[in-house]
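> Coordinates in model-v3.pdb, PDB, C-alpha atoms, are listed below.
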ATOM      1  CA  MET A 511       0.000   0.000   0.000
ATOM      2  CA  ALA A 512       1.259   3.470  -0.870
ATOM      3  CA  LYS A 513       2.562   5.628   1.976
ATOM      4  CA  PHE A 514       1.822   8.893   0.146
ATOM      5  CA  GLN A 515      -1.276   9.963  -1.762
ATOM      6  CA  ILE A 516      -2.240  11.984  -4.821
ATOM      7  CA  GLY A 517      -2.210  15.683  -3.994
ATOM      8  CA  GLN A 518       0.369  15.342  -1.235
ATOM      9  CA  ILE A 519       3.432  17.607  -1.296
ATOM     10  CA  VAL A 520       6.693  15.708  -0.840
ATOM     11  CA  ARG A 521      10.399  16.272  -1.207
ATOM     12  CA  HIS A 522      13.241  13.992  -2.251
ATOM     13  CA  ARG A 523      15.260  12.502   0.576
ATOM     14  CA  MET A 524      18.646  13.053  -1.151
ATOM     15  CA  PHE A 525      18.191  15.604  -3.927
ATOM     16  CA  PRO A 526      17.047  19.241  -3.671
ATOM     17  CA  PHE A 527      13.587  19.047  -5.238
ATOM     18  CA  ARG A 528       9.994  18.871  -4.112
ATOM     19  CA  GLY A 529       6.672  18.365  -5.803
ATOM     20  CA  VAL A 530       3.059  17.281  -5.692
ATOM     21  CA  ILE A 531       2.077  13.663  -6.384
ATOM     22  CA  PHE A 532      -0.277  13.244  -9.354
ATOM     23  CA  ASP A 533      -0.111   9.464  -9.888
ATOM     24  CA  VAL A 534       1.110   6.320  -8.116
ATOM     25  CA  ASP A 535       2.371   2.999  -9.501
ATOM     26  CA  PRO A 536       2.102   0.109  -6.975
ATOM     27  CA  THR A 537       5.503  -1.129  -8.196
ATOM     28  CA  PHE A 538       8.120   0.124 -10.638
ATOM     29  CA  SER A 539       6.710   0.553 -14.148
ATOM     30  CA  ASN A 540       9.229   2.682 -15.994
ATOM     31  CA  THR A 541      11.797   1.407 -18.506
ATOM     32  CA  GLU A 542      14.751  -0.832 -17.684
ATOM     33  CA  GLU A 543      16.998   1.836 -19.240
ATOM     34  CA  TRP A 544      15.641   4.468 -16.827
ATOM     35  CA  TRP A 545      16.249   2.186 -13.836
ATOM     36  CA  GLU A 546      19.753   1.195 -14.938
ATOM     37  CA  ALA A 547      20.684   4.872 -15.450
ATOM     38  CA  ILE A 548      20.445   5.373 -11.682
ATOM     39  CA  PRO A 549      23.848   4.847 -10.029
ATOM     40  CA  GLU A 550      23.860   1.366  -8.501
ATOM     41  CA  GLU A 551      24.739   2.588  -5.002
ATOM     42  CA  ILE A 552      21.535   4.656  -4.840
ATOM     43  CA  ARG A 553      19.300   2.594  -7.156
ATOM     44  CA  PRO A 554      15.984   1.833  -5.417
ATOM     45  CA  VAL A 555      14.357  -1.582  -5.282
ATOM     46  CA  LYS A 556      11.550  -2.060  -7.796
ATOM     47  CA  ASP A 557       9.084  -3.749  -5.448
ATOM     48  CA  GLN A 558       7.691  -0.586  -3.837
ATOM     49  CA  PRO A 559       5.355   2.220  -4.870
ATOM     50  CA  PHE A 560       6.731   4.776  -7.329
ATOM     51  CA  TYR A 561       5.282   8.270  -7.558
ATOM     52  CA  HIS A 562       4.792  10.675 -10.461
ATOM     53  CA  LEU A 563       5.464  14.232  -9.281
ATOM     54  CA  LEU A 564       4.994  17.684 -10.700
ATOM     55  CA  ALA A 565       8.427  18.598  -9.404
ATOM     56  CA  GLU A 566      10.474  21.741  -9.001
ATOM     57  CA  ASN A 567      13.914  22.771  -7.879
ATOM     58  CA  GLU A 568      15.681  26.137  -7.740
ATOM     59  CA  GLU A 569      16.094  26.285 -11.542
ATOM     60  CA  THR A 570      13.194  24.556 -13.234
ATOM     61  CA  SER A 571       9.955  22.551 -13.141
ATOM     62  CA  TYR A 572       9.653  19.029 -14.525
ATOM     63  CA  VAL A 573       7.934  15.660 -14.053
ATOM     64  CA  ALA A 574       9.781  13.250 -11.765
ATOM     65  CA  TYR A 575       9.362   9.520 -11.091
ATOM     66  CA  VAL A 576      10.492   8.685  -7.560
ATOM     67  CA  SER A 577      10.524   5.576  -5.367
ATOM     68  CA  GLU A 578       8.708   5.656  -2.052
ATOM     69  CA  GLN A 579      11.957   5.068  -0.148
ATOM     70  CA  ASN A 580      13.323   8.368  -1.502
ATOM     71  CA  LEU A 581      10.399  10.608  -0.531
ATOM     72  CA  VAL A 582       9.527  12.415   2.684
ATOM     73  CA  VAL A 583       6.630  14.731   3.485
ATOM     74  CA  ASP A 584       7.359  18.377   2.682
ATOM     75  CA  GLU A 585       6.650  20.278   5.888
ATOM     76  CA  THR A 586       7.115  23.808   4.501
ATOM     77  CA  GLY A 587       3.438  24.385   3.732
ATOM     78  CA  ASP A 588       4.521  26.200   0.554
ATOM     79  CA  ALA A 589       2.572  25.768  -2.680
ATOM     80  CA  VAL A 590       4.232  24.020  -5.631
ATOM     81  CA  SER A 591       4.782  26.463  -8.494
ATOM     82  CA  HIS A 592       4.934  23.886 -11.310
ATOM     83  CA  PRO A 593       3.033  25.286 -14.348
ATOM     84  CA  GLN A 594       0.819  22.167 -14.657
ATOM     85  CA  VAL A 595      -0.461  22.227 -11.062
ATOM     86  CA  ASN A 596      -3.601  24.150 -12.049
ATOM     87  CA  ASP A 597      -4.273  21.709 -14.915
ATOM     88  CA  LEU A 598      -4.549  18.753 -12.527
ATOM     89  CA  PHE A 599      -5.597  20.288  -9.218
ATOM     90  CA  SER A 600      -8.328  22.746  -8.241
ATOM     91  CA  GLY A 601      -6.496  24.191  -5.252
ATOM     92  CA  LEU A 602      -4.584  23.656  -2.041
ATOM     93  CA  GLU A 603      -6.593  22.702   1.054
ATOM     94  CA  ASN A 604      -5.004  21.901   4.417
ATOM     95  CA  GLY A 605      -1.617  21.281   2.822
ATOM     96  CA  HIS A 606      -2.946  18.896   0.126
ATOM     97  CA  TYR A 607      -3.835  19.621  -3.467
ATOM     98  CA  VAL A 608      -7.381  18.690  -4.473
ATOM     99  CA  LEU A 609      -7.575  16.744  -7.740
ATOM    100  CA  ARG A 610      -9.853  18.334 -10.345
ATOM    101  CA  GLU A 611     -13.081  16.370 -10.907
ATOM    102  CA  SER A 612     -12.215  15.814 -14.584
ATOM    103  CA  GLN A 613      -9.004  14.019 -13.507
ATOM    104  CA  THR A 614     -10.650  11.368 -11.321
ATOM    105  CA  ASN A 615     -11.502   7.937 -12.683
TER     106      ASN A 615
END
In structure tokens, how does this file's structure come out?

Amino acid sequence: MAKFQIGQIVRHRMFPFRGVIFDVDPTFSNTEEWWEAIPEEIRPVKDQPFYHLLAENEETSYVAYVSEQNLVVDETGDAVSHPQVNDLFSGLENGHYVLRESQTN
């Protein structure tokens, strides 16, 4: 079961970026090439949830794919300024983004 949920703001445990979760894979479902590109000493195990984030760092915004073991809750309370946030979410309520109705299954 996933530790984090869609709309939650998280940050990476090792790298300086944060973001809002917009999708969750129960286990790794990216390409083998993507996984092998991660340095072996920090490569996560595949048998855990992986999260799709609208991510940002000091320089840019992008989409990130991050293992559960490498995420922690972002306690800043700051909004995520990724340009696609308003496409997927209707707003920020109590520290969580609310998914737009058109985005739910």
> Taking the file as I've supplied it (selection: the PyMOL selection byres ((chain A and resi 599) around 9)), which residues are included? Please answer as a list in words.
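Written out, the selection comes to Gly517, Phe532, Gln594, Val595, Asn596, Asp597, Leu598, Ser600, Gly601, Leu602, Tyr607, Val608, Leu609, Arg610, Glu611 and Gln613 of chain A.
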> Tell me which of A:Ala574, A:Met511, A:Leu564, A:Ile516 sits closest to Val590 of chain A, counting all atoms listed in the file.
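Once distances to Val590 of chain A are computed over all atoms listed in the file, the minimum belongs to A:Leu564.
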> Pick the closest to Pro554 of chain A from A:Asn604, A:Asp535, A:Ser577, A:His592: which is it, counting all atoms listed in the file?
A:Ser577
> So what does the PyMOL selection byres ((chain A and resi 570-572) around 12) actually pick up in this one, as a list in words?
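Here the PyMOL selection byres ((chain A and resi 570-572) around 12) matches Pro526, Phe527, Arg528, Gly529, Val530, His562, Leu563, Leu564, Ala565, Glu566, Asn567, Glu568, Glu569, Val573, Ala574, Tyr575, Val590, Ser591, His592, Pro593, Gln594 and Val595 of chain A.
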> Report, in Å with one decimal, the straight-line distance from atom CA of Phe538 of chain A to atom CA of Gly587 of chain A.
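Answer for the atom CA of Phe538 of chain A to atom CA of Gly587 of chain A separation: 28.6 Å.
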> At a cut-off of 12 Å around the point (7.6, -2.4, -13.6) (file coordinates), what residues fall inside when counting only C-alpha atoms? I'd like the answer as a PyMOL selection string.
chain A and resi 535-545+555-560+577
> Using Å and a single decimal, report how far atom CA of Ile552 of chain A sits from atom CA of Arg523 of chain A.
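Between these atoms lies a distance of 11.4 Å.
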> One decimal, in Å: what's the spacing between atom CA of Met524 of chain A and atom CA of Glu546 of chain A?
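Atom CA of Glu546 of chain A lies 18.2 Å from atom CA of Met524 of chain A.
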> Point out the residue among A:Tyr561, A:Val582, A:Lys513, A:Arg553 with the least atom-to-atom distance to Ile531 of chain A, counting all atoms listed in the file.
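Answer, going by the shortest atom-to-atom distance: A:Tyr561.
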> Under the rule that all atoms listed in the file are counted, which of A:Ser612, A:Gly605, A:Ala512, A:Ile548 is the nearest residue to Asp584 of chain A?
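For Asp584 of chain A, the nearest of the candidates is A:Gly605.
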